[in-house]
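Colleague: See model.pdb below, with PDB, N, CA and C atoms.
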MODEL        1
ATOM      1  N   MET A   1      47.465   5.571  60.016  1.00  0.00           N
ATOM      2  CA  MET A   1      47.377   6.929  60.513  1.00  0.00           C
ATOM      3  C   MET A   1      48.742   7.612  60.479  1.00  0.00           C
ATOM      4  N   ILE A   2      49.788   6.847  60.610  1.00  0.00           N
ATOM      5  CA  ILE A   2      51.119   7.455  60.577  1.00  0.00           C
ATOM      6  C   ILE A   2      51.365   8.104  59.211  1.00  0.00           C
ATOM      7  N   ALA A   3      50.968   7.430  58.147  1.00  0.00           N
ATOM      8  CA  ALA A   3      51.155   7.990  56.801  1.00  0.00           C
ATOM      9  C   ALA A   3      50.350   9.282  56.626  1.00  0.00           C
ATOM     10  N   VAL A   4      49.146   9.310  57.145  1.00  0.00           N
ATOM     11  CA  VAL A   4      48.319  10.522  57.061  1.00  0.00           C
ATOM     12  C   VAL A   4      48.957  11.645  57.857  1.00  0.00           C
ATOM     13  N   ASP A   5      49.424  11.344  59.057  1.00  0.00           N
ATOM     14  CA  ASP A   5      50.076  12.360  59.884  1.00  0.00           C
ATOM     15  C   ASP A   5      51.332  12.910  59.204  1.00  0.00           C
ATOM     16  N   LEU A   6      52.112  12.032  58.579  1.00  0.00           N
ATOM     17  CA  LEU A   6      53.304  12.498  57.861  1.00  0.00           C
ATOM     18  C   LEU A   6      52.930  13.378  56.670  1.00  0.00           C
ATOM     19  N   ALA A   7      51.873  13.022  55.956  1.00  0.00           N
ATOM     20  CA  ALA A   7      51.417  13.851  54.832  1.00  0.00           C
ATOM     21  C   ALA A   7      50.988  15.224  55.327  1.00  0.00           C
ATOM     22  N   ILE A   8      50.287  15.280  56.446  1.00  0.00           N
ATOM     23  CA  ILE A   8      49.855  16.557  57.013  1.00  0.00           C
ATOM     24  C   ILE A   8      51.063  17.421  57.356  1.00  0.00           C
ATOM     25  N   LEU A   9      52.047  16.824  58.006  1.00  0.00           N
ATOM     26  CA  LEU A   9      53.238  17.580  58.404  1.00  0.00           C
ATOM     27  C   LEU A   9      54.094  17.981  57.202  1.00  0.00           C
ATOM     28  N   ASN A  10      54.340  17.054  56.282  1.00  0.00           N
ATOM     29  CA  ASN A  10      55.233  17.320  55.159  1.00  0.00           C
ATOM     30  C   ASN A  10      54.636  18.253  54.116  1.00  0.00           C
ATOM     31  N   ASP A  11      53.330  18.190  53.907  1.00  0.00           N
ATOM     32  CA  ASP A  11      52.692  19.039  52.904  1.00  0.00           C
ATOM     33  C   ASP A  11      52.240  20.375  53.457  1.00  0.00           C
ATOM     34  N   GLY A  12      52.450  20.604  54.743  1.00  0.00           N
ATOM     35  CA  GLY A  12      52.100  21.888  55.345  1.00  0.00           C
ATOM     36  C   GLY A  12      50.606  22.168  55.352  1.00  0.00           C
ATOM     37  N   LEU A  13      49.815  21.132  55.618  1.00  0.00           N
ATOM     38  CA  LEU A  13      48.366  21.325  55.640  1.00  0.00           C
ATOM     39  C   LEU A  13      47.949  22.145  56.853  1.00  0.00           C
ATOM     40  N   GLN A  14      46.857  22.864  56.695  1.00  0.00           N
ATOM     41  CA  GLN A  14      46.331  23.712  57.761  1.00  0.00           C
ATOM     42  C   GLN A  14      44.994  23.138  58.229  1.00  0.00           C
ATOM     43  N   LYS A  15      44.847  22.965  59.541  1.00  0.00           N
ATOM     44  CA  LYS A  15      43.581  22.454  60.070  1.00  0.00           C
ATOM     45  C   LYS A  15      42.525  23.541  59.942  1.00  0.00           C
ATOM     46  N   ILE A  16      41.389  23.189  59.328  1.00  0.00           N
ATOM     47  CA  ILE A  16      40.342  24.190  59.125  1.00  0.00           C
ATOM     48  C   ILE A  16      39.070  23.880  59.913  1.00  0.00           C
ATOM     49  N   GLY A  17      39.002  22.716  60.539  1.00  0.00           N
ATOM     50  CA  GLY A  17      37.827  22.416  61.336  1.00  0.00           C
ATOM     51  C   GLY A  17      37.697  20.954  61.658  1.00  0.00           C
ATOM     52  N   TYR A  18      36.579  20.625  62.252  1.00  0.00           N
ATOM     53  CA  TYR A  18      36.308  19.245  62.610  1.00  0.00           C
ATOM     54  C   TYR A  18      34.830  18.954  62.387  1.00  0.00           C
ATOM     55  N   TYR A  19      34.475  17.669  62.431  1.00  0.00           N
ATOM     56  CA  TYR A  19      33.110  17.224  62.225  1.00  0.00           C
ATOM     57  C   TYR A  19      32.670  16.443  63.445  1.00  0.00           C
ATOM     58  N   LYS A  20      31.490  16.738  63.928  1.00  0.00           N
ATOM     59  CA  LYS A  20      30.941  16.041  65.088  1.00  0.00           C
ATOM     60  C   LYS A  20      29.669  15.330  64.655  1.00  0.00           C
ATOM     61  N   SER A  21      29.541  14.057  65.034  1.00  0.00           N
ATOM     62  CA  SER A  21      28.374  13.272  64.667  1.00  0.00           C
ATOM     63  C   SER A  21      28.051  12.293  65.787  1.00  0.00           C
ATOM     64  N   GLU A  22      26.782  12.001  65.961  1.00  0.00           N
ATOM     65  CA  GLU A  22      26.375  11.021  66.965  1.00  0.00           C
ATOM     66  C   GLU A  22      26.782   9.608  66.569  1.00  0.00           C
ATOM     67  N   PHE A  23      27.193   9.430  65.309  1.00  0.00           N
ATOM     68  CA  PHE A  23      27.570   8.111  64.802  1.00  0.00           C
ATOM     69  C   PHE A  23      29.072   7.844  64.882  1.00  0.00           C
ATOM     70  N   ILE A  24      29.843   8.806  65.347  1.00  0.00           N
ATOM     71  CA  ILE A  24      31.299   8.665  65.463  1.00  0.00           C
ATOM     72  C   ILE A  24      31.662   8.512  66.939  1.00  0.00           C
ATOM     73  N   SER A  25      32.515   7.542  67.246  1.00  0.00           N
ATOM     74  CA  SER A  25      32.971   7.354  68.627  1.00  0.00           C
ATOM     75  C   SER A  25      33.686   8.613  69.099  1.00  0.00           C
ATOM     76  N   PRO A  26      33.251   9.182  70.210  1.00  0.00           N
ATOM     77  CA  PRO A  26      33.877  10.409  70.689  1.00  0.00           C
ATOM     78  C   PRO A  26      35.191  10.116  71.413  1.00  0.00           C
ATOM     79  N   PHE A  27      36.195  10.881  71.100  1.00  0.00           N
ATOM     80  CA  PHE A  27      37.444  10.874  71.850  1.00  0.00           C
ATOM     81  C   PHE A  27      38.253  12.089  71.437  1.00  0.00           C
ATOM     82  N   ILE A  28      39.181  12.454  72.271  1.00  0.00           N
ATOM     83  CA  ILE A  28      40.071  13.576  71.985  1.00  0.00           C
ATOM     84  C   ILE A  28      41.488  13.099  72.249  1.00  0.00           C
ATOM     85  N   ILE A  29      42.388  13.403  71.325  1.00  0.00           N
ATOM     86  CA  ILE A  29      43.793  13.030  71.465  1.00  0.00           C
ATOM     87  C   ILE A  29      44.597  14.313  71.670  1.00  0.00           C
ATOM     88  N   ASN A  30      45.559  14.277  72.531  1.00  0.00           N
ATOM     89  CA  ASN A  30      46.391  15.440  72.797  1.00  0.00           C
ATOM     90  C   ASN A  30      47.712  15.332  72.040  1.00  0.00           C
ATOM     91  N   ASP A  31      48.102  16.405  71.355  1.00  0.00           N
ATOM     92  CA  ASP A  31      49.419  16.530  70.727  1.00  0.00           C
ATOM     93  C   ASP A  31      49.736  15.460  69.689  1.00  0.00           C
ATOM     94  N   VAL A  32      48.827  15.179  68.782  1.00  0.00           N
ATOM     95  CA  VAL A  32      49.084  14.199  67.737  1.00  0.00           C
ATOM     96  C   VAL A  32      50.137  14.702  66.764  1.00  0.00           C
ATOM     97  N   LEU A  33      50.079  15.968  66.389  1.00  0.00           N
ATOM     98  CA  LEU A  33      50.944  16.503  65.344  1.00  0.00           C
ATOM     99  C   LEU A  33      51.819  17.665  65.812  1.00  0.00           C
ATOM    100  N   THR A  34      52.119  17.737  67.095  1.00  0.00           N
ATOM    101  CA  THR A  34      52.943  18.838  67.585  1.00  0.00           C
ATOM    102  C   THR A  34      54.392  18.643  67.174  1.00  0.00           C
ATOM    103  N   THR A  35      54.944  19.642  66.518  1.00  0.00           N
ATOM    104  CA  THR A  35      56.351  19.635  66.136  1.00  0.00           C
ATOM    105  C   THR A  35      57.138  20.417  67.189  1.00  0.00           C
ATOM    106  N   PRO A  36      58.468  20.297  67.193  1.00  0.00           N
ATOM    107  CA  PRO A  36      59.254  21.012  68.208  1.00  0.00           C
ATOM    108  C   PRO A  36      58.997  22.526  68.240  1.00  0.00           C
ATOM    109  N   GLU A  37      58.723  23.123  67.089  1.00  0.00           N
ATOM    110  CA  GLU A  37      58.465  24.561  67.077  1.00  0.00           C
ATOM    111  C   GLU A  37      56.990  24.904  67.228  1.00  0.00           C
ATOM    112  N   GLY A  38      56.151  23.891  67.327  1.00  0.00           N
ATOM    113  CA  GLY A  38      54.712  24.093  67.432  1.00  0.00           C
ATOM    114  C   GLY A  38      54.264  24.374  68.850  1.00  0.00           C
ATOM    115  N   GLN A  39      53.020  24.801  68.969  1.00  0.00           N
ATOM    116  CA  GLN A  39      52.428  25.097  70.260  1.00  0.00           C
ATOM    117  C   GLN A  39      51.971  23.791  70.914  1.00  0.00           C
ATOM    118  N   LEU A  40      52.394  23.563  72.150  1.00  0.00           N
ATOM    119  CA  LEU A  40      52.018  22.350  72.870  1.00  0.00           C
ATOM    120  C   LEU A  40      50.564  22.425  73.317  1.00  0.00           C
ATOM    121  N   GLY A  41      49.956  21.265  73.516  1.00  0.00           N
ATOM    122  CA  GLY A  41      48.609  21.202  74.054  1.00  0.00           C
ATOM    123  C   GLY A  41      47.509  21.291  73.016  1.00  0.00           C
ATOM    124  N   GLN A  42      47.827  21.088  71.752  1.00  0.00           N
ATOM    125  CA  GLN A  42      46.802  21.082  70.715  1.00  0.00           C
ATOM    126  C   GLN A  42      45.996  19.792  70.806  1.00  0.00           C
ATOM    127  N   MET A  43      44.705  19.885  70.545  1.00  0.00           N
ATOM    128  CA  MET A  43      43.834  18.710  70.627  1.00  0.00           C
ATOM    129  C   MET A  43      43.441  18.252  69.235  1.00  0.00           C
ATOM    130  N   SER A  44      43.314  16.937  69.067  1.00  0.00           N
ATOM    131  CA  SER A  44      42.833  16.351  67.816  1.00  0.00           C
ATOM    132  C   SER A  44      41.468  15.735  68.070  1.00  0.00           C
ATOM    133  N   MET A  45      40.561  15.986  67.161  1.00  0.00           N
ATOM    134  CA  MET A  45      39.205  15.476  67.269  1.00  0.00           C
ATOM    135  C   MET A  45      39.069  14.201  66.434  1.00  0.00           C
ATOM    136  N   PRO A  46      37.976  13.446  66.593  1.00  0.00           N
ATOM    137  CA  PRO A  46      37.804  12.195  65.856  1.00  0.00           C
ATOM    138  C   PRO A  46      37.777  12.373  64.331  1.00  0.00           C
ATOM    139  N   VAL A  47      37.186  13.458  63.842  1.00  0.00           N
ATOM    140  CA  VAL A  47      37.147  13.730  62.402  1.00  0.00           C
ATOM    141  C   VAL A  47      37.569  15.187  62.194  1.00  0.00           C
ATOM    142  N   GLU A  48      38.644  15.381  61.445  1.00  0.00           N
ATOM    143  CA  GLU A  48      39.165  16.737  61.206  1.00  0.00           C
ATOM    144  C   GLU A  48      39.282  17.005  59.714  1.00  0.00           C
ATOM    145  N   PHE A  49      39.221  18.277  59.360  1.00  0.00           N
ATOM    146  CA  PHE A  49      39.401  18.710  57.980  1.00  0.00           C
ATOM    147  C   PHE A  49      40.665  19.544  57.873  1.00  0.00           C
ATOM    148  N   TRP A  50      41.435  19.269  56.816  1.00  0.00           N
ATOM    149  CA  TRP A  50      42.704  19.945  56.572  1.00  0.00           C
ATOM    150  C   TRP A  50      42.693  20.501  55.160  1.00  0.00           C
ATOM    151  N   LEU A  51      43.335  21.650  54.975  1.00  0.00           N
ATOM    152  CA  LEU A  51      43.405  22.309  53.672  1.00  0.00           C
ATOM    153  C   LEU A  51      44.852  22.378  53.215  1.00  0.00           C
ATOM    154  N   SER A  52      45.077  22.056  51.936  1.00  0.00           N
ATOM    155  CA  SER A  52      46.440  22.130  51.380  1.00  0.00           C
ATOM    156  C   SER A  52      46.880  23.584  51.284  1.00  0.00           C
ATOM    157  N   SER A  53      48.179  23.801  51.231  1.00  0.00           N
ATOM    158  CA  SER A  53      48.724  25.163  51.217  1.00  0.00           C
ATOM    159  C   SER A  53      48.294  25.935  49.971  1.00  0.00           C
ATOM    160  N   ASP A  54      48.038  25.246  48.854  1.00  0.00           N
ATOM    161  CA  ASP A  54      47.590  25.942  47.650  1.00  0.00           C
ATOM    162  C   ASP A  54      46.068  26.118  47.611  1.00  0.00           C
ATOM    163  N   GLY A  55      45.358  25.556  48.603  1.00  0.00           N
ATOM    164  CA  GLY A  55      43.919  25.716  48.696  1.00  0.00           C
ATOM    165  C   GLY A  55      43.124  24.876  47.715  1.00  0.00           C
ATOM    166  N   LYS A  56      43.778  23.948  47.026  1.00  0.00           N
ATOM    167  CA  LYS A  56      43.097  23.139  46.010  1.00  0.00           C
ATOM    168  C   LYS A  56      42.590  21.801  46.530  1.00  0.00           C
ATOM    169  N   LYS A  57      43.088  21.352  47.673  1.00  0.00           N
ATOM    170  CA  LYS A  57      42.696  20.049  48.207  1.00  0.00           C
ATOM    171  C   LYS A  57      42.239  20.187  49.655  1.00  0.00           C
ATOM    172  N   THR A  58      41.168  19.484  49.963  1.00  0.00           N
ATOM    173  CA  THR A  58      40.676  19.403  51.332  1.00  0.00           C
ATOM    174  C   THR A  58      40.701  17.940  51.745  1.00  0.00           C
ATOM    175  N   TYR A  59      41.257  17.665  52.897  1.00  0.00           N
ATOM    176  CA  TYR A  59      41.375  16.303  53.401  1.00  0.00           C
ATOM    177  C   TYR A  59      40.468  16.125  54.609  1.00  0.00           C
ATOM    178  N   MET A  60      39.794  14.981  54.675  1.00  0.00           N
ATOM    179  CA  MET A  60      39.017  14.611  55.852  1.00  0.00           C
ATOM    180  C   MET A  60      39.739  13.437  56.508  1.00  0.00           C
ATOM    181  N   VAL A  61      40.197  13.632  57.731  1.00  0.00           N
ATOM    182  CA  VAL A  61      40.927  12.601  58.466  1.00  0.00           C
ATOM    183  C   VAL A  61      40.015  12.048  59.554  1.00  0.00           C
ATOM    184  N   VAL A  62      39.705  10.764  59.464  1.00  0.00           N
ATOM    185  CA  VAL A  62      38.842  10.099  60.439  1.00  0.00           C
ATOM    186  C   VAL A  62      39.729   9.241  61.332  1.00  0.00           C
ATOM    187  N   ARG A  63      39.841   9.610  62.591  1.00  0.00           N
ATOM    188  CA  ARG A  63      40.694   8.891  63.532  1.00  0.00           C
ATOM    189  C   ARG A  63      39.899   7.929  64.409  1.00  0.00           C
ATOM    190  N   SER A  64      38.612   7.960  64.328  1.00  0.00           N
ATOM    191  CA  SER A  64      37.762   7.143  65.176  1.00  0.00           C
ATOM    192  C   SER A  64      36.936   6.189  64.329  1.00  0.00           C
ATOM    193  N   ALA A  65      36.175   5.354  64.995  1.00  0.00           N
ATOM    194  CA  ALA A  65      35.324   4.385  64.297  1.00  0.00           C
ATOM    195  C   ALA A  65      33.868   4.833  64.325  1.00  0.00           C
ATOM    196  N   VAL A  66      33.110   4.303  63.391  1.00  0.00           N
ATOM    197  CA  VAL A  66      31.677   4.532  63.383  1.00  0.00           C
ATOM    198  C   VAL A  66      31.054   3.614  64.431  1.00  0.00           C
ATOM    199  N   ILE A  67      30.132   4.159  65.215  1.00  0.00           N
ATOM    200  CA  ILE A  67      29.529   3.425  66.330  1.00  0.00           C
ATOM    201  C   ILE A  67      28.526   2.398  65.828  1.00  0.00           C
ATOM    202  N   GLY A  68      28.629   1.180  66.332  1.00  0.00           N
ATOM    203  CA  GLY A  68      27.640   0.143  66.175  1.00  0.00           C
ATOM    204  C   GLY A  68      27.153  -0.161  64.778  1.00  0.00           C
ATOM    205  N   GLY A  69      28.029  -0.147  63.788  1.00  0.00           N
ATOM    206  CA  GLY A  69      27.621  -0.490  62.441  1.00  0.00           C
ATOM    207  C   GLY A  69      26.692   0.534  61.798  1.00  0.00           C
ATOM    208  N   GLN A  70      26.782   1.774  62.203  1.00  0.00           N
ATOM    209  CA  GLN A  70      25.913   2.829  61.696  1.00  0.00           C
ATOM    210  C   GLN A  70      26.535   3.550  60.498  1.00  0.00           C
ATOM    211  N   MET A  71      27.312   2.860  59.678  1.00  0.00           N
ATOM    212  CA  MET A  71      28.021   3.494  58.565  1.00  0.00           C
ATOM    213  C   MET A  71      27.057   4.156  57.587  1.00  0.00           C
ATOM    214  N   ARG A  72      25.955   3.512  57.248  1.00  0.00           N
ATOM    215  CA  ARG A  72      25.007   4.104  56.302  1.00  0.00           C
ATOM    216  C   ARG A  72      24.408   5.391  56.879  1.00  0.00           C
ATOM    217  N   ALA A  73      24.014   5.370  58.145  1.00  0.00           N
ATOM    218  CA  ALA A  73      23.455   6.568  58.767  1.00  0.00           C
ATOM    219  C   ALA A  73      24.487   7.688  58.832  1.00  0.00           C
ATOM    220  N   PHE A  74      25.732   7.336  59.117  1.00  0.00           N
ATOM    221  CA  PHE A  74      26.795   8.331  59.144  1.00  0.00           C
ATOM    222  C   PHE A  74      27.023   8.935  57.771  1.00  0.00           C
ATOM    223  N   SER A  75      27.052   8.103  56.734  1.00  0.00           N
ATOM    224  CA  SER A  75      27.330   8.610  55.384  1.00  0.00           C
ATOM    225  C   SER A  75      26.189   9.449  54.838  1.00  0.00           C
ATOM    226  N   GLU A  76      24.971   9.168  55.254  1.00  0.00           N
ATOM    227  CA  GLU A  76      23.838   9.974  54.799  1.00  0.00           C
ATOM    228  C   GLU A  76      23.849  11.326  55.471  1.00  0.00           C
TER     229      GLU A  76
ENDMDL
END
For the structure just supplied, provide its representation as structure tokens.

Modeller:
Amino acid sequence: MIAVDLAILNDGLQKIGYYKSEFISPFIINDVLTTPEGQLGQMSMPVEFWLSSDGKKTYMVVRSAVIGGQMRAFSE
């Protein structure tokens, strides 16, 4: 996750949303990617989507686990 977080910060990705599913363990993390000039108190969700600055790449970052071996149901 550290490598993903560094890529997000270094490439200037913009958070465009998140994904909620009954098959993903719910949790919220506070201030995962806050930089000194950033706004404090930002929340990170279990699955987030990020867009590259040129708009050509979309990243899906999964910070949580799939519940109870439900990977097939989650992927469908």

Colleague: Would you please give, as a list of chain:residue names, all residues of stretch 3-63 of chain A that DSSP assigns to strand (DSSP E) based on the backbone?

Modeller: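 Filtering stretch 3-63 of chain A down to strand (DSSP E) leaves A:Gln14, A:Lys15, A:Ile16, A:Gly17, A:Tyr18, A:Ile29, A:Asn30, A:Met43, A:Ser44, A:Val47, A:Glu48, A:Phe49, A:Trp50, A:Leu51, A:Thr58, A:Tyr59, A:Met60, A:Val61, A:Val62.
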
Colleague: On this structure, the PyMOL selection byres ((chain A and resi 15-30) around 6) would catch which residues? List them as a list in words, sorted by chain and number.

Modeller: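 Taken on the displayed file, the PyMOL selection byres ((chain A and resi 15-30) around 6) yields the residues Leu13, Gln14, Asp31, Val32, Gly41, Gln42, Met43, Ser44, Met45, Pro46, Val47, Glu48, Phe49, Trp50, Leu51, Ser64, Ala65, Val66, Ile67 and Phe74 of chain A.
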
Colleague: Take the residues just selected and output them with N, CA and C atoms as a PDB file, in the coordinates of the input.

Modeller:
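Ended up saving to result.pdb:
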ATOM      1  N   LEU A  13      49.815  21.132  55.618  1.00  0.00           N
ATOM      2  CA  LEU A  13      48.366  21.325  55.640  1.00  0.00           C
ATOM      3  C   LEU A  13      47.949  22.145  56.853  1.00  0.00           C
ATOM      4  N   GLN A  14      46.857  22.864  56.695  1.00  0.00           N
ATOM      5  CA  GLN A  14      46.331  23.712  57.761  1.00  0.00           C
ATOM      6  C   GLN A  14      44.994  23.138  58.229  1.00  0.00           C
ATOM      7  N   ASP A  31      48.102  16.405  71.355  1.00  0.00           N
ATOM      8  CA  ASP A  31      49.419  16.530  70.727  1.00  0.00           C
ATOM      9  C   ASP A  31      49.736  15.460  69.689  1.00  0.00           C
ATOM     10  N   VAL A  32      48.827  15.179  68.782  1.00  0.00           N
ATOM     11  CA  VAL A  32      49.084  14.199  67.737  1.00  0.00           C
ATOM     12  C   VAL A  32      50.137  14.702  66.764  1.00  0.00           C
ATOM     13  N   GLY A  41      49.956  21.265  73.516  1.00  0.00           N
ATOM     14  CA  GLY A  41      48.609  21.202  74.054  1.00  0.00           C
ATOM     15  C   GLY A  41      47.509  21.291  73.016  1.00  0.00           C
ATOM     16  N   GLN A  42      47.827  21.088  71.752  1.00  0.00           N
ATOM     17  CA  GLN A  42      46.802  21.082  70.715  1.00  0.00           C
ATOM     18  C   GLN A  42      45.996  19.792  70.806  1.00  0.00           C
ATOM     19  N   MET A  43      44.705  19.885  70.545  1.00  0.00           N
ATOM     20  CA  MET A  43      43.834  18.710  70.627  1.00  0.00           C
ATOM     21  C   MET A  43      43.441  18.252  69.235  1.00  0.00           C
ATOM     22  N   SER A  44      43.314  16.937  69.067  1.00  0.00           N
ATOM     23  CA  SER A  44      42.833  16.351  67.816  1.00  0.00           C
ATOM     24  C   SER A  44      41.468  15.735  68.070  1.00  0.00           C
ATOM     25  N   MET A  45      40.561  15.986  67.161  1.00  0.00           N
ATOM     26  CA  MET A  45      39.205  15.476  67.269  1.00  0.00           C
ATOM     27  C   MET A  45      39.069  14.201  66.434  1.00  0.00           C
ATOM     28  N   PRO A  46      37.976  13.446  66.593  1.00  0.00           N
ATOM     29  CA  PRO A  46      37.804  12.195  65.856  1.00  0.00           C
ATOM     30  C   PRO A  46      37.777  12.373  64.331  1.00  0.00           C
ATOM     31  N   VAL A  47      37.186  13.458  63.842  1.00  0.00           N
ATOM     32  CA  VAL A  47      37.147  13.730  62.402  1.00  0.00           C
ATOM     33  C   VAL A  47      37.569  15.187  62.194  1.00  0.00           C
ATOM     34  N   GLU A  48      38.644  15.381  61.445  1.00  0.00           N
ATOM     35  CA  GLU A  48      39.165  16.737  61.206  1.00  0.00           C
ATOM     36  C   GLU A  48      39.282  17.005  59.714  1.00  0.00           C
ATOM     37  N   PHE A  49      39.221  18.277  59.360  1.00  0.00           N
ATOM     38  CA  PHE A  49      39.401  18.710  57.980  1.00  0.00           C
ATOM     39  C   PHE A  49      40.665  19.544  57.873  1.00  0.00           C
ATOM     40  N   TRP A  50      41.435  19.269  56.816  1.00  0.00           N
ATOM     41  CA  TRP A  50      42.704  19.945  56.572  1.00  0.00           C
ATOM     42  C   TRP A  50      42.693  20.501  55.160  1.00  0.00           C
ATOM     43  N   LEU A  51      43.335  21.650  54.975  1.00  0.00           N
ATOM     44  CA  LEU A  51      43.405  22.309  53.672  1.00  0.00           C
ATOM     45  C   LEU A  51      44.852  22.378  53.215  1.00  0.00           C
ATOM     46  N   SER A  64      38.612   7.960  64.328  1.00  0.00           N
ATOM     47  CA  SER A  64      37.762   7.143  65.176  1.00  0.00           C
ATOM     48  C   SER A  64      36.936   6.189  64.329  1.00  0.00           C
ATOM     49  N   ALA A  65      36.175   5.354  64.995  1.00  0.00           N
ATOM     50  CA  ALA A  65      35.324   4.385  64.297  1.00  0.00           C
ATOM     51  C   ALA A  65      33.868   4.833  64.325  1.00  0.00           C
ATOM     52  N   VAL A  66      33.110   4.303  63.391  1.00  0.00           N
ATOM     53  CA  VAL A  66      31.677   4.532  63.383  1.00  0.00           C
ATOM     54  C   VAL A  66      31.054   3.614  64.431  1.00  0.00           C
ATOM     55  N   ILE A  67      30.132   4.159  65.215  1.00  0.00           N
ATOM     56  CA  ILE A  67      29.529   3.425  66.330  1.00  0.00           C
ATOM     57  C   ILE A  67      28.526   2.398  65.828  1.00  0.00           C
ATOM     58  N   PHE A  74      25.732   7.336  59.117  1.00  0.00           N
ATOM     59  CA  PHE A  74      26.795   8.331  59.144  1.00  0.00           C
ATOM     60  C   PHE A  74      27.023   8.935  57.771  1.00  0.00           C
TER      61      PHE A  74
END

Colleague: Take atom CA of A:Ser52 and atom N of A:Leu6 and report the distance between them in Å, one decimal.

Modeller: 13.6 Å

Colleague: For a test of reading the model, state the distance in Å between atom N of A:Met60 and atom CA of A:Val4, rounded to one decimal.

Modeller: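 Separation of atom N of A:Met60 and atom CA of A:Val4: 9.9 Å.
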
Colleague: Could you tell me how far atom N of A:Asn10 sits from atom N of A:Tyr59, in Å to one decimal place?

Modeller: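 Straight-line distance from atom N of A:Tyr59 to atom N of A:Asn10 works out to 13.5 Å.
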